[in-house]
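Colleague: Have a look at this one before I ask anything.
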Amino acid sequence: MTQTPKIKAVFFDFMGTCLDWHTSIVNSSPSFCLKDDASNIALEWRRIFFIEIQTRFRQSLDPEDIDVTLARALDIALEKFPDYQSSFHPDAKKQMIEAWHSQSAWPDVQKAIETLRGDLDLEVFVLANGTTRLQLDLVRSSGLSFNMLFSSELLGLYKPHQEVYKKALQLVKLKPEEVVMVAAHAYDLRGAQGCGLKTIYIHRWTDDVDEDMEKVKSEFNAFLEYMVDLPFVIEHL
């Protein structure tokens, strides 16, 4: 009887999955922007950002500085808010883009990661689209700790390109079946799944707003509303 391979490591997506980007962006919005409107602008900005990333992925373009992508996506998002569009001067936009570099972790994340590293003796890595500078800033602001940070800038490709997952696996010298990918983005987990990784979806209200959650619930090894149960689920995969 073939023994199930032991899980040795976890790849985490970062923003959205581990970090509450929404609060940071809303708090950085100009004072003239009503709170509900600031939230709607932030959500649309995030949605457009993913469209921009996926467009570059489909066109096989090299990863660009995430701040450049965010600036372009913000301009597109603001077109849907004409009452505010002209009021967002360059300094206001700069402040909001800089806010992406300072985010807090979701309340359920730190304990889950500590349990994975301590009790289960697993290695934990960030594997996310973005820049290394962004990831370094976010580790500092969130207080989270990982064995290594892998960015699309560092690996030279965007997720969900399968070479991203393969390169990360090669660098940590692990087999696909020994690694779990954890993300709040179905496209990411589909890419990881295609490479043979175990996949766990974390549902965050801020992300995957265009996905059918009923479909997503049946696609992966597990679907969790909170990360509290993540160590238990991984231990029993």
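Residue names in the structure tokens use chain letters A, B, ... in the order shown, residue numbers from 1 in each chain, and ligand numbers from 1 in the order shown.
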Identify, with DSSP run on backbone atoms, the residues in segment 114-182 of chain A assigned to alpha helix (DSSP H), and express the list as a ChimeraX atom specification.
Modeller: /A:114-118,132-142,152-155,162-172
Colleague: Would you mind exporting C-alpha atoms of the selected residues as a PDB file, in the first residue's frame?
Modeller:
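Listed below is the output, result_14.pdb:
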ATOM      1  CA  GLU A 114       3.205  29.699  14.611  1.00  0.00           C
ATOM      2  CA  THR A 115       1.434  26.345  14.988  1.00  0.00           C
ATOM      3  CA  LEU A 116       2.558  25.187  11.562  1.00  0.00           C
ATOM      4  CA  ARG A 117       6.160  26.087  12.311  1.00  0.00           C
ATOM      5  CA  GLY A 118       6.236  25.071  15.957  1.00  0.00           C
ATOM      6  CA  THR A 132      10.598  41.645  -2.964  1.00  0.00           C
ATOM      7  CA  ARG A 133      10.638  45.165  -1.483  1.00  0.00           C
ATOM      8  CA  LEU A 134       6.879  45.005  -1.008  1.00  0.00           C
ATOM      9  CA  GLN A 135       7.120  41.647   0.739  1.00  0.00           C
ATOM     10  CA  LEU A 136       9.908  42.854   3.035  1.00  0.00           C
ATOM     11  CA  ASP A 137       7.822  45.887   3.984  1.00  0.00           C
ATOM     12  CA  LEU A 138       4.750  43.747   4.618  1.00  0.00           C
ATOM     13  CA  VAL A 139       6.604  41.249   6.806  1.00  0.00           C
ATOM     14  CA  ARG A 140       7.786  44.172   8.910  1.00  0.00           C
ATOM     15  CA  SER A 141       4.355  45.829   9.215  1.00  0.00           C
ATOM     16  CA  SER A 142       2.451  42.589   9.848  1.00  0.00           C
ATOM     17  CA  SER A 152       7.027  37.223  -8.955  1.00  0.00           C
ATOM     18  CA  GLU A 153       9.820  39.777  -9.363  1.00  0.00           C
ATOM     19  CA  LEU A 154      12.334  37.350  -7.879  1.00  0.00           C
ATOM     20  CA  LEU A 155      11.118  34.342  -9.895  1.00  0.00           C
ATOM     21  CA  GLN A 162       3.206  26.834 -13.578  1.00  0.00           C
ATOM     22  CA  GLU A 163       6.906  27.650 -13.714  1.00  0.00           C
ATOM     23  CA  VAL A 164       6.422  29.889 -10.671  1.00  0.00           C
ATOM     24  CA  TYR A 165       5.385  26.943  -8.511  1.00  0.00           C
ATOM     25  CA  LYS A 166       7.976  24.659 -10.090  1.00  0.00           C
ATOM     26  CA  LYS A 167      10.803  27.144  -9.502  1.00  0.00           C
ATOM     27  CA  ALA A 168       9.801  27.609  -5.888  1.00  0.00           C
ATOM     28  CA  LEU A 169       9.683  23.854  -5.373  1.00  0.00           C
ATOM     29  CA  GLN A 170      13.072  23.476  -7.000  1.00  0.00           C
ATOM     30  CA  LEU A 171      14.615  26.143  -4.780  1.00  0.00           C
ATOM     31  CA  VAL A 172      13.358  24.563  -1.551  1.00  0.00           C
TER      32      VAL A 172
END
Colleague: Excluding same-chain residues fewer than 4 positions from Asp65 of chain A, what lies within 9 Å of it counting only C-alpha atoms, as a PyMOL selection string?
Modeller: chain A and resi 69-70+130-131+153
Colleague: Would you mind listing what lies within 10 Å of Pro30 of chain A as JSON, numbers by chain, with only C-alpha atoms counted and same-chain residues fewer than 4 positions away left out?
Modeller: {"A": [26, 34, 35, 38, 87, 88, 89, 91, 92, 93, 95, 96]}
Colleague: Could you write out the selected residues, including all heavy atoms, as a CSV table (one decimal), in the first residue's frame?
Modeller:
chain,number,residue,atom,x,y,z
A,26,VAL,N,-8.3,51.8,3.0
A,26,VAL,CA,-9.4,52.7,3.4
A,26,VAL,C,-8.9,53.8,4.3
A,26,VAL,O,-9.2,55.0,4.2
A,26,VAL,CB,-10.6,51.9,4.0
A,26,VAL,CG1,-11.6,52.9,4.7
A,26,VAL,CG2,-11.3,51.0,3.0
A,34,LEU,N,-15.8,59.7,1.7
A,34,LEU,CA,-16.7,59.1,2.7
A,34,LEU,C,-16.2,57.6,2.9
A,34,LEU,O,-15.7,57.0,1.9
A,34,LEU,CB,-18.1,59.1,2.3
A,34,LEU,CG,-18.8,60.5,2.1
A,34,LEU,CD1,-20.2,60.4,1.6
A,34,LEU,CD2,-18.8,61.2,3.5
A,35,LYS,N,-16.4,57.1,4.1
A,35,LYS,CA,-15.8,55.8,4.4
A,35,LYS,C,-16.4,54.7,3.5
A,35,LYS,O,-15.6,53.8,3.0
A,35,LYS,CB,-16.2,55.4,5.9
A,35,LYS,CG,-15.1,54.6,6.6
A,35,LYS,CD,-13.9,55.4,6.8
A,35,LYS,CE,-12.9,54.7,7.8
A,35,LYS,NZ,-11.6,55.4,7.9
A,38,ALA,N,-14.9,55.1,0.1
A,38,ALA,CA,-13.5,54.7,0.2
A,38,ALA,C,-13.4,53.2,0.1
A,38,ALA,O,-12.5,52.6,-0.6
A,38,ALA,CB,-12.8,55.2,1.5
A,87,SER,N,-10.8,64.8,-7.8
A,87,SER,CA,-10.3,65.2,-6.5
A,87,SER,C,-9.1,64.4,-6.0
A,87,SER,O,-8.4,64.8,-5.1
A,87,SER,CB,-11.4,65.1,-5.4
A,87,SER,OG,-12.5,65.8,-5.8
A,88,PHE,N,-8.8,63.3,-6.6
A,88,PHE,CA,-7.7,62.5,-6.2
A,88,PHE,C,-6.4,63.0,-6.9
A,88,PHE,O,-6.0,62.6,-8.0
A,88,PHE,CB,-7.9,61.0,-6.6
A,88,PHE,CG,-8.6,60.2,-5.6
A,88,PHE,CD1,-10.0,60.4,-5.4
A,88,PHE,CD2,-8.0,59.3,-4.8
A,88,PHE,CE1,-10.7,59.6,-4.5
A,88,PHE,CE2,-8.6,58.6,-3.8
A,88,PHE,CZ,-10.0,58.7,-3.7
A,89,HIS,N,-5.8,64.0,-6.3
A,89,HIS,CA,-4.6,64.6,-6.8
A,89,HIS,C,-3.4,63.7,-6.7
A,89,HIS,O,-3.5,62.7,-5.9
A,89,HIS,CB,-4.3,66.0,-6.2
A,89,HIS,CG,-4.3,65.9,-4.7
A,89,HIS,ND1,-3.2,65.4,-3.9
A,89,HIS,CD2,-5.3,66.3,-3.8
A,89,HIS,CE1,-3.5,65.5,-2.6
A,89,HIS,NE2,-4.7,66.0,-2.5
A,91,ASP,N,-0.6,63.6,-5.0
A,91,ASP,CA,-0.2,63.2,-3.6
A,91,ASP,C,-1.1,62.3,-2.9
A,91,ASP,O,-0.6,61.4,-2.2
A,91,ASP,CB,-0.1,64.5,-2.8
A,91,ASP,CG,1.1,65.4,-3.2
A,91,ASP,OD1,2.0,64.8,-3.9
A,91,ASP,OD2,1.2,66.5,-2.8
A,92,ALA,N,-2.4,62.4,-3.2
A,92,ALA,CA,-3.4,61.5,-2.6
A,92,ALA,C,-3.2,60.1,-3.1
A,92,ALA,O,-3.2,59.1,-2.4
A,92,ALA,CB,-4.8,62.0,-2.8
A,93,LYS,N,-3.0,60.0,-4.4
A,93,LYS,CA,-2.8,58.7,-5.1
A,93,LYS,C,-1.5,58.1,-4.5
A,93,LYS,O,-1.4,56.9,-4.3
A,93,LYS,CB,-2.7,58.8,-6.6
A,93,LYS,CG,-4.0,59.2,-7.2
A,93,LYS,CD,-3.9,59.4,-8.7
A,93,LYS,CE,-5.1,59.8,-9.4
A,93,LYS,NZ,-5.0,60.0,-10.9
A,95,GLN,N,0.0,58.5,-1.7
A,95,GLN,CA,-0.3,58.1,-0.3
A,95,GLN,C,-1.0,56.7,-0.3
A,95,GLN,O,-0.7,55.8,0.5
A,95,GLN,CB,-1.1,59.1,0.4
A,95,GLN,CG,-1.4,58.7,1.9
A,95,GLN,CD,-2.2,59.8,2.6
A,95,GLN,OE1,-1.7,61.0,2.7
A,95,GLN,NE2,-3.4,59.5,3.1
A,96,MET,N,-2.0,56.5,-1.2
A,96,MET,CA,-2.7,55.3,-1.2
A,96,MET,C,-1.9,54.1,-1.7
A,96,MET,O,-2.0,53.0,-1.2
A,96,MET,CB,-4.0,55.5,-2.0
A,96,MET,CG,-5.0,56.4,-1.4
A,96,MET,SD,-6.5,56.6,-2.3
A,96,MET,CE,-7.3,54.9,-2.0
Colleague: Go through A:Gln54, A:Ser60, A:Gln110, A:Ser102 and flag the residue nearest Leu144 of chain A, using only C-alpha atoms for the distances.
Modeller: A:Gln110
Colleague: Looking at only C-alpha atoms, which of A:Ile97, A:Val179, A:Ala128, A:Ile41 is the one that sits closest to Gly156 of chain A?
Modeller: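 Nearest to Gly156 of chain A: A:Ala128.
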Colleague: So, with only C-alpha atoms as the atoms that count, which of A:Asp83, A:Asp108, A:Glu98, A:Glu214 lies closest to Ile25 of chain A?
Modeller: A:Glu98
Colleague: Would you mind writing down, as number ranges by chain, each residue of segment 40-146 of chain A that DSSP on the backbone assigns to strand (DSSP E or B)?
Modeller: A: 104-105, 123-128
Colleague: Now that the selection is made, can you save its residues with C-alpha atoms as a CSV table (one decimal), in the first residue's frame?
Modeller:
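Final file, part-v7.csv:
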chain,number,residue,atom,x,y,z
A,104,SER,CA,-1.7,44.2,9.3
A,105,ALA,CA,-2.3,40.5,9.4
A,123,GLU,CA,8.5,25.3,6.7
A,124,VAL,CA,6.4,28.3,5.6
A,125,PHE,CA,7.1,30.4,2.6
A,126,VAL,CA,5.5,33.4,0.9
A,127,LEU,CA,4.8,32.8,-2.8
A,128,ALA,CA,3.1,35.8,-4.2
Colleague: Can I get the residues of segment 106-201 of chain A within 9 Å of segment 231-237 of chain A, each with the closest pair of atoms and their distance in Å to one decimal, using only C-alpha atoms, sorted chain first then ascending number, as a Markdown table?
Modeller:
| residue | atom | partner | partner_atom | distance |
| --- | --- | --- | --- | --- |
| A:Ala112 | CA | A:Pro231 | CA | 6.3 |
| A:Ile113 | CA | A:Pro231 | CA | 8.1 |
| A:Thr115 | CA | A:Pro231 | CA | 6.6 |
| A:Leu116 | CA | A:Pro231 | CA | 5.8 |
| A:Asp119 | CA | A:Pro231 | CA | 8.9 |
| A:Leu120 | CA | A:Glu235 | CA | 7.6 |
| A:Val180 | CA | A:Ile234 | CA | 7.7 |
| A:Lys198 | CA | A:Leu237 | CA | 8.3 |
| A:Ile200 | CA | A:Ile234 | CA | 8.6 |
Colleague: Kindly give the distance, in Å, that separates atom CA of Glu225 of chain A and atom CA of Tyr201 of chain A, rounded to a single decimal.
Modeller: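 Between atom CA of Glu225 of chain A and atom CA of Tyr201 of chain A the gap is 8.5 Å.
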Colleague: What gap, in Å, lies between atom CA of Ser151 of chain A and atom CA of Pro63 of chain A?
Modeller: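 Between atom CA of Ser151 of chain A and atom CA of Pro63 of chain A the gap is 9.7 Å.
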